[in-house]
file data.txt (compact mmCIF, C-alpha atoms and all ligand atoms)
# COMPACT_ATOMS: atom_id res chain seq x y z
CA MET I 65 -87.10 -50.55 -252.45
CA SER I 66 -86.34 -48.74 -255.72
CA ASN I 67 -87.59 -45.26 -254.81
CA PRO I 68 -84.42 -43.21 -254.03
CA SER I 69 -86.27 -40.96 -251.55
CA ALA I 70 -87.55 -44.00 -249.67
CA ILE I 71 -84.02 -45.39 -249.51
CA MET I 72 -82.74 -42.09 -248.10
CA LEU I 73 -85.52 -42.10 -245.51
CA SER I 74 -84.54 -45.58 -244.31
CA LEU I 75 -82.80 -45.91 -240.95
CA ALA I 76 -82.03 -49.60 -241.38
CA GLY I 77 -78.97 -50.60 -239.38
CA ARG I 78 -79.06 -47.45 -237.26
CA VAL I 79 -79.66 -47.11 -233.53
CA ALA I 80 -81.95 -44.39 -232.19
CA LEU I 81 -82.48 -43.04 -228.67
CA VAL I 82 -85.60 -41.03 -227.81
CA THR I 83 -86.08 -39.30 -224.46
CA GLY I 84 -89.69 -39.10 -223.30
CA GLY I 85 -90.51 -42.04 -225.57
CA GLY I 86 -93.48 -42.88 -223.34
CA GLY I 87 -95.15 -39.51 -223.99
CA GLY I 88 -97.45 -38.32 -226.76
CA ILE I 89 -94.85 -36.92 -229.15
CA GLY I 90 -92.01 -39.17 -227.97
CA SER I 91 -93.93 -42.39 -228.58
CA ALA I 92 -94.92 -41.24 -232.10
CA VAL I 93 -91.29 -40.36 -232.80
CA ALA I 94 -89.99 -43.67 -231.44
CA SER I 95 -92.56 -45.58 -233.52
CA ALA I 96 -91.65 -43.65 -236.68
CA LEU I 97 -87.94 -44.32 -236.20
CA LEU I 98 -88.70 -47.99 -235.56
CA LYS I 99 -90.84 -48.23 -238.72
CA ALA I 100 -88.02 -46.59 -240.70
CA GLY I 101 -85.83 -49.53 -239.69
CA ALA I 102 -83.88 -48.26 -236.67
CA ALA I 103 -83.40 -50.13 -233.42
CA ALA I 104 -85.13 -47.76 -231.02
CA PHE I 105 -84.63 -47.06 -227.31
CA SER I 106 -86.77 -44.85 -225.07
CA ILE I 107 -85.53 -43.23 -221.90
CA ASP I 108 -88.34 -41.97 -219.70
CA ARG I 109 -89.73 -42.24 -216.20
CA ALA I 110 -90.10 -45.81 -214.93
CA ASP I 111 -93.91 -45.69 -215.23
CA ARG I 112 -93.84 -44.42 -218.85
CA PRO I 113 -92.57 -47.23 -221.12
CA GLY I 114 -92.13 -46.60 -224.83
CA PRO I 115 -94.36 -48.13 -227.52
CA PRO I 116 -94.19 -51.83 -228.51
CA GLY I 117 -90.92 -52.80 -230.16
CA VAL I 118 -89.00 -49.99 -228.47
CA SER I 119 -86.60 -50.87 -225.63
CA SER I 120 -87.37 -48.83 -222.51
CA ILE I 121 -84.84 -47.58 -219.96
CA ALA I 122 -85.94 -45.82 -216.76
CA CYS I 123 -84.19 -42.50 -216.29
CA ASP I 124 -84.81 -39.06 -214.81
CA VAL I 125 -83.40 -36.83 -217.56
CA SER I 126 -82.93 -33.93 -215.16
CA ARG I 127 -80.17 -35.89 -213.43
CA SER I 128 -76.75 -35.81 -215.04
CA ALA I 129 -75.50 -39.19 -213.83
CA GLU I 130 -78.74 -40.97 -214.81
CA VAL I 131 -78.55 -39.60 -218.37
CA ALA I 132 -74.90 -40.63 -218.72
CA SER I 133 -75.70 -44.11 -217.47
CA ALA I 134 -78.79 -44.52 -219.72
CA VAL I 135 -76.78 -43.48 -222.79
CA ALA I 136 -73.98 -45.88 -221.83
CA ASP I 137 -76.61 -48.62 -221.43
CA VAL I 138 -77.97 -48.01 -224.96
CA VAL I 139 -74.52 -47.95 -226.53
CA GLY I 140 -73.50 -51.04 -224.56
CA ARG I 141 -76.56 -52.98 -225.68
CA ALA I 142 -76.75 -51.80 -229.29
CA GLY I 143 -73.03 -51.34 -229.98
CA ARG I 144 -73.51 -47.92 -231.59
CA LEU I 145 -75.65 -44.80 -231.65
CA ASP I 146 -76.74 -42.81 -234.71
CA VAL I 147 -79.91 -40.85 -233.91
CA VAL I 148 -80.95 -38.96 -230.76
CA VAL I 149 -84.25 -37.15 -230.21
CA HIS I 150 -84.96 -35.22 -227.01
CA CYS I 151 -88.73 -35.21 -226.39
CA ALA I 152 -88.90 -35.37 -222.58
CA GLY I 153 -90.30 -32.17 -221.17
CA ILE I 154 -92.75 -30.63 -218.70
CA THR I 155 -94.71 -27.45 -218.06
CA ARG I 156 -95.33 -25.78 -214.69
CA ASP I 157 -97.29 -22.69 -215.69
CA ALA I 158 -97.69 -19.50 -213.64
CA VAL I 159 -97.29 -15.82 -214.44
CA VAL I 160 -93.85 -14.48 -213.54
CA ALA I 161 -95.17 -12.53 -210.54
CA LYS I 162 -96.51 -15.75 -209.03
CA MET I 163 -94.02 -18.36 -210.22
CA SER I 164 -92.26 -20.28 -207.44
CA ASP I 165 -88.55 -21.04 -207.42
CA ALA I 166 -89.49 -24.73 -207.54
CA ASP I 167 -91.56 -24.34 -210.73
CA TRP I 168 -88.77 -22.35 -212.38
CA HIS I 169 -86.02 -24.82 -211.48
CA GLU I 170 -87.99 -27.97 -212.23
CA VAL I 171 -88.81 -26.86 -215.77
CA ILE I 172 -85.30 -25.61 -216.51
CA ALA I 173 -83.80 -28.83 -215.12
CA THR I 174 -86.17 -31.18 -216.96
CA ASN I 175 -86.21 -29.41 -220.33
CA LEU I 176 -82.87 -27.60 -220.64
CA ASP I 177 -80.32 -29.15 -218.25
CA SER I 178 -81.37 -32.50 -219.69
CA ALA I 179 -80.59 -31.36 -223.24
CA PHE I 180 -77.07 -30.47 -222.14
CA TYR I 181 -76.54 -33.76 -220.27
CA LEU I 182 -77.84 -35.63 -223.29
CA LEU I 183 -75.74 -33.82 -225.91
CA ARG I 184 -72.60 -34.23 -223.82
CA SER I 185 -73.27 -37.93 -223.27
CA VAL I 186 -74.16 -38.86 -226.86
CA ALA I 187 -71.52 -36.84 -228.75
CA PRO I 188 -68.66 -39.39 -228.35
CA ALA I 189 -70.86 -42.31 -229.49
CA LEU I 190 -72.20 -40.39 -232.51
CA ARG I 191 -68.65 -39.42 -233.42
CA GLN I 192 -67.56 -43.03 -233.08
CA ALA I 193 -70.38 -44.07 -235.46
CA GLY I 194 -68.92 -41.70 -238.07
CA GLY I 195 -71.70 -39.12 -237.66
CA GLY I 196 -75.33 -38.89 -236.74
CA ALA I 197 -78.34 -36.69 -236.14
CA VAL I 198 -79.70 -35.03 -233.01
CA VAL I 199 -83.10 -33.35 -232.80
CA LEU I 200 -84.20 -31.34 -229.76
CA VAL I 201 -87.97 -30.88 -229.48
CA SER I 202 -88.48 -27.25 -228.47
CA SER I 203 -91.61 -25.10 -228.92
CA ILE I 204 -92.83 -22.09 -230.88
CA ASN I 205 -93.20 -20.38 -227.49
CA ALA I 206 -89.39 -20.10 -227.41
CA GLU I 207 -89.69 -17.54 -230.20
CA ARG I 208 -92.80 -15.67 -229.15
CA GLY I 209 -93.13 -16.16 -225.37
CA LYS I 210 -96.41 -17.17 -223.75
CA VAL I 211 -98.30 -15.81 -220.76
CA GLY I 212 -97.66 -18.15 -217.83
CA GLN I 213 -94.68 -19.87 -219.45
CA ALA I 214 -91.58 -17.82 -218.58
CA ASN I 215 -89.86 -20.98 -217.32
CA TYR I 216 -90.96 -23.13 -220.25
CA ALA I 217 -90.27 -20.54 -222.99
CA ALA I 218 -86.83 -19.79 -221.49
CA SER I 219 -86.00 -23.50 -221.35
CA LYS I 220 -86.99 -23.96 -225.00
CA ALA I 221 -85.15 -20.83 -226.18
CA GLY I 222 -82.10 -22.21 -224.37
CA MET I 223 -82.51 -25.47 -226.28
CA ASN I 224 -82.62 -23.56 -229.59
CA ALA I 225 -79.38 -21.74 -228.75
CA MET I 226 -77.74 -24.94 -227.52
CA ALA I 227 -78.64 -26.75 -230.73
CA MET I 228 -77.10 -24.05 -232.92
CA THR I 229 -73.93 -24.13 -230.81
CA ALA I 230 -73.72 -27.93 -230.87
CA ALA I 231 -74.31 -27.88 -234.66
CA ARG I 232 -71.27 -25.63 -235.02
CA GLU I 233 -69.12 -27.74 -232.70
CA LEU I 234 -70.08 -31.18 -234.03
CA GLY I 235 -70.56 -30.54 -237.76
CA ARG I 236 -66.99 -31.49 -238.61
CA PHE I 237 -67.64 -34.94 -237.14
CA GLY I 238 -70.65 -35.48 -239.40
CA ILE I 239 -73.08 -34.84 -236.57
CA ARG I 240 -76.10 -32.64 -237.39
CA VAL I 241 -78.08 -30.95 -234.63
CA ASN I 242 -81.52 -29.45 -235.30
CA VAL I 243 -84.61 -28.33 -233.44
CA VAL I 244 -88.23 -29.16 -234.15
CA ALA I 245 -90.52 -26.50 -232.64
CA PRO I 246 -94.11 -27.69 -232.42
CA GLY I 247 -97.12 -25.49 -231.98
CA TRP I 248 -100.15 -27.01 -230.23
CA ILE I 249 -100.11 -30.80 -230.51
CA ASP I 250 -102.85 -32.99 -229.03
CA THR I 251 -101.03 -35.04 -226.35
CA PRO I 252 -101.38 -35.79 -222.62
CA MET I 253 -99.49 -32.51 -221.98
CA THR I 254 -102.11 -30.36 -223.73
CA ALA I 255 -105.07 -32.51 -222.59
CA ALA I 256 -104.76 -30.76 -219.23
CA VAL I 257 -105.11 -27.28 -220.79
CA PRO I 258 -108.58 -25.63 -220.73
CA GLU I 259 -110.62 -25.87 -223.96
CA GLU I 260 -110.53 -22.09 -224.61
CA TYR I 261 -106.74 -22.26 -225.08
CA ARG I 262 -107.12 -25.18 -227.49
CA GLN I 263 -109.61 -23.14 -229.52
CA ARG I 264 -107.28 -20.13 -229.50
CA ALA I 265 -104.43 -22.28 -230.83
CA LEU I 266 -106.73 -23.60 -233.56
CA ASP I 267 -107.67 -20.03 -234.51
CA GLU I 268 -103.98 -19.13 -234.76
CA THR I 269 -103.22 -21.83 -237.32
CA VAL I 270 -103.43 -21.07 -241.02
CA VAL I 271 -104.30 -24.67 -241.94
CA GLY I 272 -107.43 -24.94 -239.79
CA ARG I 273 -106.38 -28.00 -237.82
CA LEU I 274 -104.35 -28.75 -234.72
CA GLY I 275 -101.24 -30.88 -234.83
CA GLN I 276 -101.04 -34.56 -233.95
CA PRO I 277 -97.94 -36.34 -232.59
CA GLU I 278 -97.39 -38.00 -235.99
CA ASP I 279 -97.01 -34.54 -237.59
CA VAL I 280 -94.00 -33.90 -235.36
CA ALA I 281 -92.66 -37.42 -235.93
CA GLY I 282 -92.62 -36.86 -239.71
CA ALA I 283 -90.46 -33.76 -239.40
CA VAL I 284 -88.14 -35.51 -236.95
CA LEU I 285 -87.78 -38.49 -239.29
CA PHE I 286 -86.86 -36.21 -242.19
CA LEU I 287 -84.18 -34.47 -240.11
CA CYS I 288 -82.74 -37.75 -238.79
CA SER I 289 -82.60 -39.44 -242.18
CA ASP I 290 -80.28 -38.91 -245.13
CA LEU I 291 -83.00 -36.77 -246.76
CA GLY I 292 -81.97 -34.13 -244.21
CA ARG I 293 -78.24 -34.69 -244.67
CA HIS I 294 -77.45 -31.02 -245.48
CA VAL I 295 -79.70 -29.54 -242.78
CA THR I 296 -78.12 -28.53 -239.48
CA GLY I 297 -78.46 -25.76 -236.90
CA GLN I 298 -82.08 -25.16 -237.93
CA VAL I 299 -85.31 -24.59 -236.03
CA LEU I 300 -88.13 -26.23 -237.99
CA ARG I 301 -91.57 -25.12 -236.80
CA VAL I 302 -94.28 -27.77 -237.00
CA ASP I 303 -97.23 -25.62 -236.05
CA GLY I 304 -99.70 -25.42 -238.93
CA GLY I 305 -98.60 -21.80 -239.35
CA GLN I 306 -99.54 -20.88 -235.76
CA LEU I 307 -96.60 -18.49 -235.36
CA ILE I 308 -96.97 -16.71 -238.70
CA GLY I 309 -100.78 -16.75 -238.36
CA HIS I 310 -100.64 -15.13 -234.95
P1 LIG J 401 -96.12 -35.69 -222.74
O1 LIG J 401 -96.38 -35.23 -221.36
O2 LIG J 401 -97.10 -36.58 -223.40
O3 LIG J 401 -94.68 -36.39 -222.82
C1 LIG J 401 -93.58 -35.92 -222.10
C2 LIG J 401 -92.75 -37.11 -221.69
O4 LIG J 401 -91.60 -36.63 -220.98
C3 LIG J 401 -93.53 -38.05 -220.73
O5 LIG J 401 -93.46 -39.38 -221.19
C4 LIG J 401 -92.81 -37.87 -219.42
O6 LIG J 401 -92.80 -39.01 -218.60
C5 LIG J 401 -91.40 -37.49 -219.88
N1 LIG J 401 -90.67 -36.82 -218.82
C6 LIG J 401 -91.05 -35.70 -218.14
N2 LIG J 401 -90.14 -35.43 -217.20
C7 LIG J 401 -89.18 -36.38 -217.29
C8 LIG J 401 -87.98 -36.64 -216.57
N3 LIG J 401 -87.56 -35.86 -215.57
N4 LIG J 401 -87.23 -37.71 -216.93
C9 LIG J 401 -87.62 -38.51 -217.94
N5 LIG J 401 -88.74 -38.32 -218.66
C10 LIG J 401 -89.51 -37.26 -218.32
O7 LIG J 401 -95.89 -34.35 -223.57
P2 LIG J 401 -95.74 -34.11 -225.15
O8 LIG J 401 -96.79 -33.17 -225.55
O9 LIG J 401 -95.56 -35.40 -225.88
O10 LIG J 401 -94.36 -33.30 -225.15
C11 LIG J 401 -93.15 -33.80 -225.71
C12 LIG J 401 -92.22 -32.63 -225.96
O11 LIG J 401 -92.82 -31.76 -226.92
C13 LIG J 401 -91.97 -31.78 -224.71
O12 LIG J 401 -90.61 -31.39 -224.69
C14 LIG J 401 -92.86 -30.59 -224.92
O13 LIG J 401 -92.36 -29.45 -224.27
C15 LIG J 401 -92.81 -30.44 -226.43
N6 LIG J 401 -93.93 -29.69 -226.99
C16 LIG J 401 -95.22 -30.14 -226.87
C17 LIG J 401 -96.24 -29.39 -227.42
C18 LIG J 401 -97.66 -29.83 -227.34
O14 LIG J 401 -98.54 -29.01 -227.73
N7 LIG J 401 -97.99 -31.01 -226.88
C19 LIG J 401 -95.96 -28.19 -228.07
C20 LIG J 401 -94.65 -27.77 -228.17
C21 LIG J 401 -93.64 -28.53 -227.63
call {"tool": "encode", "arguments": {"input": "data.txt", "output": "structure tokens"}}
result
Amino acid sequence: MSNPSAIMLSLAGRVALVTGGGGGIGSAVASALLKAGAAAFSIDRADRPGPPGVSSIACDVSRSAEVASAVADVVGRAGRLDVVVHCAGITRDAVVAKMSDADWHEVIATNLDSAFYLLRSVAPALRQAGGGAVVLVSSINAERGKVGQANYAASKAGMNAMAMTAARELGRFGIRVNVVAPGWIDTPMTAAVPEEYRQRALDETVVGRLGQPEDVAGAVLFLCSDLGRHVTGQVLRVDGGQLIGH
């Protein structure tokens, strides 16, 4: 490999952990990290294994002890940890006036509490490895809000703020923390959304197409590789211009 950019994109010898690696975006991310040369682990629900070649660990990311134990399992098996990508997430949509306590708490616990449990659990291992990269997968709805998504948008805005804080705290250990904020991406999560919303998202883009999981994976790979070595504390939108086109 003589191309310097390709060498910087390589994750050979590194160990990567992806939450939600059995999902649409998570499996594309895990595959991209694997193809870049990393040993890749997915932590997800027991019935959602990661893609071929990725080691799967069953874990409910909304539970503190389960996250700590899954991270310890990865580090124990691989001997180190260099890259962490948080893709696990859910929606439970309802307008504020009709949102139940259960829908609020489940989304905050699955999307935001999990990010905290994860960051706290992985920081010592990343520090031990001499540095590393963390990417939290948020959403453009953190920045603009969305009817029916008070819980989801709040959870993602919390992730953005947490990432900037963690970037400040961990930078001196060579650990970079960034956010990728997708717009509409065709995955099992959005497959359940009525067609009119899909069309509206398409109309909002400035590129005339909707995102695919691989579009998010490309941005994540850049941020996790040495090509992104001077990028930290950032929110990178991967939305085909949906937010600026709105
Ligand atoms: P998806 O439903 O295909 O994948 C989500 C994954 O998270 C699933 O594999 C699921 O099993 C896992 N998960 C959910 N709850 C979990 C829990 N408690 N413990 C462990 N794993 C759990 O959805 P996706 O579209 O691939 O979404 C991935 C991430 O991208 C999510 O954080 C989502 O909020 C974000 N996102 C998606 C879109 C989109 O348009 N698809 C847009 C913006 C942001």
call {"tool": "atom_distance", "arguments": {"input": "data.txt", "atom1": "CA of Asp137 in chain I", "atom2": "CA of Cys151 in chain I"}}
result
18.7 Å
call {"tool": "axis_aligned_box", "arguments": {"input": "data.txt", "around": "ligand LIG 401 (chain J)", "padding_each_side": "3 Å", "output": "AutoDock Vina command-line options"}}
result
--center_x -92.9 --center_y -33.6 --center_z -221.9 --size_x 17.3 --size_y 17.6 --size_z 18.6
call {"tool": "residues_around", "arguments": {"input": "data.txt", "residues": "Leu307 in chain I", "least_positions_apart": "2", "cutoff": "8 Å", "atoms": "only C-alpha atoms", "output": "PyMOL selection string"}}
result
chain I and resi 204+208+247+268-269+303+305+309-310
call {"tool": "closest_residue", "arguments": {"input": "data.txt", "among": "I:Ile107, I:Val160, I:Ala134, I:Val148", "to": "ligand LIG 401 (chain J)", "atoms": "all atoms listed in the file"}}
result
I:Ile107
call {"tool": "residues_around", "arguments": {"input": "data.txt", "residues": "Val299 in chain I", "least_positions_apart": "5", "cutoff": "8 Å", "atoms": "all atoms listed in the file", "output": "PyMOL selection string"}}
result
chain I and resi 224+242-245
call {"tool": "residues_around", "arguments": {"input": "data.txt", "residues": "Ala206 in chain I", "least_positions_apart": "6", "cutoff": "7 Å", "atoms": "only C-alpha atoms", "output": "list in words"}}
result
Ala217, Ala218, Lys220 and Ala221 of chain I
call {"tool": "write_last_selection", "arguments": {"input": "data.txt", "atoms": "C-alpha atoms", "output": "compact mmCIF listing (two decimals), keeping the file's coordinate frame"}}
result
# COMPACT_ATOMS: atom_id res chain seq x y z
CA ALA I 217 -90.27 -20.54 -222.99
CA ALA I 218 -86.83 -19.79 -221.49
CA LYS I 220 -86.99 -23.96 -225.00
CA ALA I 221 -85.15 -20.83 -226.18
call {"tool": "residues_near_ligand", "arguments": {"input": "data.txt", "ligand": "ligand LIG 401 (chain J)", "cutoff": "6 Å", "atoms": "all atoms listed in the file", "output": "number ranges by chain"}}
result
I: 84-90, 108-109, 112, 123-126, 151-154, 174, 201-203, 246-254
call {"tool": "write_last_selection", "arguments": {"input": "data.txt", "atoms": "C-alpha atoms", "output": "tab-separated table (two decimals), keeping the file's coordinate frame"}}
result
chain	number	residue	atom	x	y	z
I	84	GLY	CA	-89.69	-39.10	-223.30
I	85	GLY	CA	-90.51	-42.04	-225.57
I	86	GLY	CA	-93.48	-42.88	-223.34
I	87	GLY	CA	-95.15	-39.51	-223.99
I	88	GLY	CA	-97.45	-38.32	-226.76
I	89	ILE	CA	-94.85	-36.92	-229.15
I	90	GLY	CA	-92.01	-39.17	-227.97
I	108	ASP	CA	-88.34	-41.97	-219.70
I	109	ARG	CA	-89.73	-42.24	-216.20
I	112	ARG	CA	-93.84	-44.42	-218.85
I	123	CYS	CA	-84.19	-42.50	-216.29
I	124	ASP	CA	-84.81	-39.06	-214.81
I	125	VAL	CA	-83.40	-36.83	-217.56
I	126	SER	CA	-82.93	-33.93	-215.16
I	151	CYS	CA	-88.73	-35.21	-226.39
I	152	ALA	CA	-88.90	-35.37	-222.58
I	153	GLY	CA	-90.30	-32.17	-221.17
I	154	ILE	CA	-92.75	-30.63	-218.70
I	174	THR	CA	-86.17	-31.18	-216.96
I	201	VAL	CA	-87.97	-30.88	-229.48
I	202	SER	CA	-88.48	-27.25	-228.47
I	203	SER	CA	-91.61	-25.10	-228.92
I	246	PRO	CA	-94.11	-27.69	-232.42
I	247	GLY	CA	-97.12	-25.49	-231.98
I	248	TRP	CA	-100.15	-27.01	-230.23
I	249	ILE	CA	-100.11	-30.80	-230.51
I	250	ASP	CA	-102.85	-32.99	-229.03
I	251	THR	CA	-101.03	-35.04	-226.35
I	252	PRO	CA	-101.38	-35.79	-222.62
I	253	MET	CA	-99.49	-32.51	-221.98
I	254	THR	CA	-102.11	-30.36	-223.73
call {"tool": "closest_residue", "arguments": {"input": "data.txt", "among": "I:Val270, I:Ala197, I:Ala132, I:Leu145", "to": "Gly235 in chain I", "atoms": "all atoms listed in the file"}}
result
I:Ala197
call {"tool": "closest_residue", "arguments": {"input": "data.txt", "among": "I:Val171, I:Val118, I:Met72, I:Ala179", "to": "Ala94 in chain I", "atoms": "only C-alpha atoms"}}
result
I:Val118
call {"tool": "closest_residue", "arguments": {"input": "data.txt", "among": "I:Gly297, I:Pro113, I:Gly195, I:Gly304", "to": "Val280 in chain I", "atoms": "only C-alpha atoms"}}
result
I:Gly304
call {"tool": "atom_distance", "arguments": {"input": "data.txt", "atom1": "CA of Arg236 in chain I", "atom2": "CA of Val82 in chain I"}}
result
23.5 Å
call {"tool": "closest_residue", "arguments": {"input": "data.txt", "among": "I:Pro258, I:Gly212, I:Gly196, I:Pro116", "to": "Asp167 in chain I", "atoms": "all atoms listed in the file"}}
result
I:Gly212
call {"tool": "closest_residue", "arguments": {"input": "data.txt", "among": "I:Asp165, I:Glu207, I:Glu130, I:Glu233", "to": "Leu182 in chain I", "atoms": "all atoms listed in the file"}}
result
I:Glu130
call {"tool": "atom_distance", "arguments": {"input": "data.txt", "atom1": "CA of Leu183 in chain I", "atom2": "CA of Ala102 in chain I"}}
result
19.8 Å
call {"tool": "residues_around", "arguments": {"input": "data.txt", "residues": "range 286-289 of chain I", "least_positions_apart": "5", "cutoff": "9 Å", "atoms": "all atoms listed in the file", "output": "PyMOL selection string"}}
result
chain I and resi 72-75+97+146-149+196-199+240-242+244+281+295-296
call {"tool": "decode", "arguments": {"input": "data.txt", "residues": "range 133-141 of chain I", "atoms": "all heavy atoms", "output": "PDB file, in the first residue's frame"}}
result
ATOM      1  N   SER I 133     -19.499  -4.866  31.695  1.00  0.00           N
ATOM      2  CA  SER I 133     -19.040  -6.242  31.517  1.00  0.00           C
ATOM      3  C   SER I 133     -18.753  -6.566  30.048  1.00  0.00           C
ATOM      4  O   SER I 133     -17.794  -7.272  29.732  1.00  0.00           O
ATOM      5  CB  SER I 133     -20.053  -7.162  32.180  1.00  0.00           C
ATOM      6  OG  SER I 133     -20.427  -8.195  31.385  1.00  0.00           O
ATOM      7  N   ALA I 134     -19.535  -5.998  29.113  1.00  0.00           N
ATOM      8  CA  ALA I 134     -19.266  -6.232  27.682  1.00  0.00           C
ATOM      9  C   ALA I 134     -17.936  -5.598  27.274  1.00  0.00           C
ATOM     10  O   ALA I 134     -17.157  -6.195  26.515  1.00  0.00           O
ATOM     11  CB  ALA I 134     -20.413  -5.664  26.838  1.00  0.00           C
ATOM     12  N   VAL I 135     -17.677  -4.402  27.778  1.00  0.00           N
ATOM     13  CA  VAL I 135     -16.402  -3.736  27.444  1.00  0.00           C
ATOM     14  C   VAL I 135     -15.235  -4.545  28.026  1.00  0.00           C
ATOM     15  O   VAL I 135     -14.219  -4.773  27.346  1.00  0.00           O
ATOM     16  CB  VAL I 135     -16.392  -2.279  27.966  1.00  0.00           C
ATOM     17  CG1 VAL I 135     -14.997  -1.664  27.846  1.00  0.00           C
ATOM     18  CG2 VAL I 135     -17.425  -1.436  27.207  1.00  0.00           C
ATOM     19  N   ALA I 136     -15.390  -5.009  29.262  1.00  0.00           N
ATOM     20  CA  ALA I 136     -14.323  -5.813  29.876  1.00  0.00           C
ATOM     21  C   ALA I 136     -14.095  -7.098  29.076  1.00  0.00           C
ATOM     22  O   ALA I 136     -12.955  -7.541  28.902  1.00  0.00           O
ATOM     23  CB  ALA I 136     -14.699  -6.151  31.322  1.00  0.00           C
ATOM     24  N   ASP I 137     -15.186  -7.665  28.548  1.00  0.00           N
ATOM     25  CA  ASP I 137     -15.092  -8.881  27.737  1.00  0.00           C
ATOM     26  C   ASP I 137     -14.264  -8.609  26.464  1.00  0.00           C
ATOM     27  O   ASP I 137     -13.354  -9.370  26.110  1.00  0.00           O
ATOM     28  CB  ASP I 137     -16.523  -9.334  27.384  1.00  0.00           C
ATOM     29  CG  ASP I 137     -16.568 -10.705  26.758  1.00  0.00           C
ATOM     30  OD1 ASP I 137     -15.509 -11.355  26.693  1.00  0.00           O
ATOM     31  OD2 ASP I 137     -17.666 -11.112  26.320  1.00  0.00           O
ATOM     32  N   VAL I 138     -14.560  -7.497  25.796  1.00  0.00           N
ATOM     33  CA  VAL I 138     -13.823  -7.144  24.562  1.00  0.00           C
ATOM     34  C   VAL I 138     -12.336  -6.960  24.878  1.00  0.00           C
ATOM     35  O   VAL I 138     -11.461  -7.519  24.205  1.00  0.00           O
ATOM     36  CB  VAL I 138     -14.387  -5.849  23.923  1.00  0.00           C
ATOM     37  CG1 VAL I 138     -13.486  -5.372  22.788  1.00  0.00           C
ATOM     38  CG2 VAL I 138     -15.819  -6.078  23.425  1.00  0.00           C
ATOM     39  N   VAL I 139     -12.061  -6.176  25.908  1.00  0.00           N
ATOM     40  CA  VAL I 139     -10.657  -5.886  26.239  1.00  0.00           C
ATOM     41  C   VAL I 139      -9.946  -7.166  26.680  1.00  0.00           C
ATOM     42  O   VAL I 139      -8.790  -7.403  26.312  1.00  0.00           O
ATOM     43  CB  VAL I 139     -10.568  -4.780  27.325  1.00  0.00           C
ATOM     44  CG1 VAL I 139      -9.122  -4.549  27.743  1.00  0.00           C
ATOM     45  CG2 VAL I 139     -11.192  -3.484  26.812  1.00  0.00           C
ATOM     46  N   GLY I 140     -10.667  -8.023  27.408  1.00  0.00           N
ATOM     47  CA  GLY I 140     -10.082  -9.290  27.846  1.00  0.00           C
ATOM     48  C   GLY I 140      -9.740 -10.194  26.665  1.00  0.00           C
ATOM     49  O   GLY I 140      -8.685 -10.810  26.623  1.00  0.00           O
ATOM     50  N   ARG I 141     -10.649 -10.229  25.684  1.00  0.00           N
ATOM     51  CA  ARG I 141     -10.425 -11.107  24.526  1.00  0.00           C
ATOM     52  C   ARG I 141      -9.421 -10.542  23.543  1.00  0.00           C
ATOM     53  O   ARG I 141      -8.615 -11.278  22.963  1.00  0.00           O
ATOM     54  CB  ARG I 141     -11.755 -11.371  23.805  1.00  0.00           C
ATOM     55  CG  ARG I 141     -12.594 -12.415  24.535  1.00  0.00           C
ATOM     56  CD  ARG I 141     -14.061 -12.293  24.259  1.00  0.00           C
ATOM     57  NE  ARG I 141     -14.435 -12.653  22.905  1.00  0.00           N
ATOM     58  CZ  ARG I 141     -15.693 -12.707  22.468  1.00  0.00           C
ATOM     59  NH1 ARG I 141     -16.689 -12.418  23.288  1.00  0.00           N
ATOM     60  NH2 ARG I 141     -15.962 -13.038  21.239  1.00  0.00           N
TER      61      ARG I 141
END
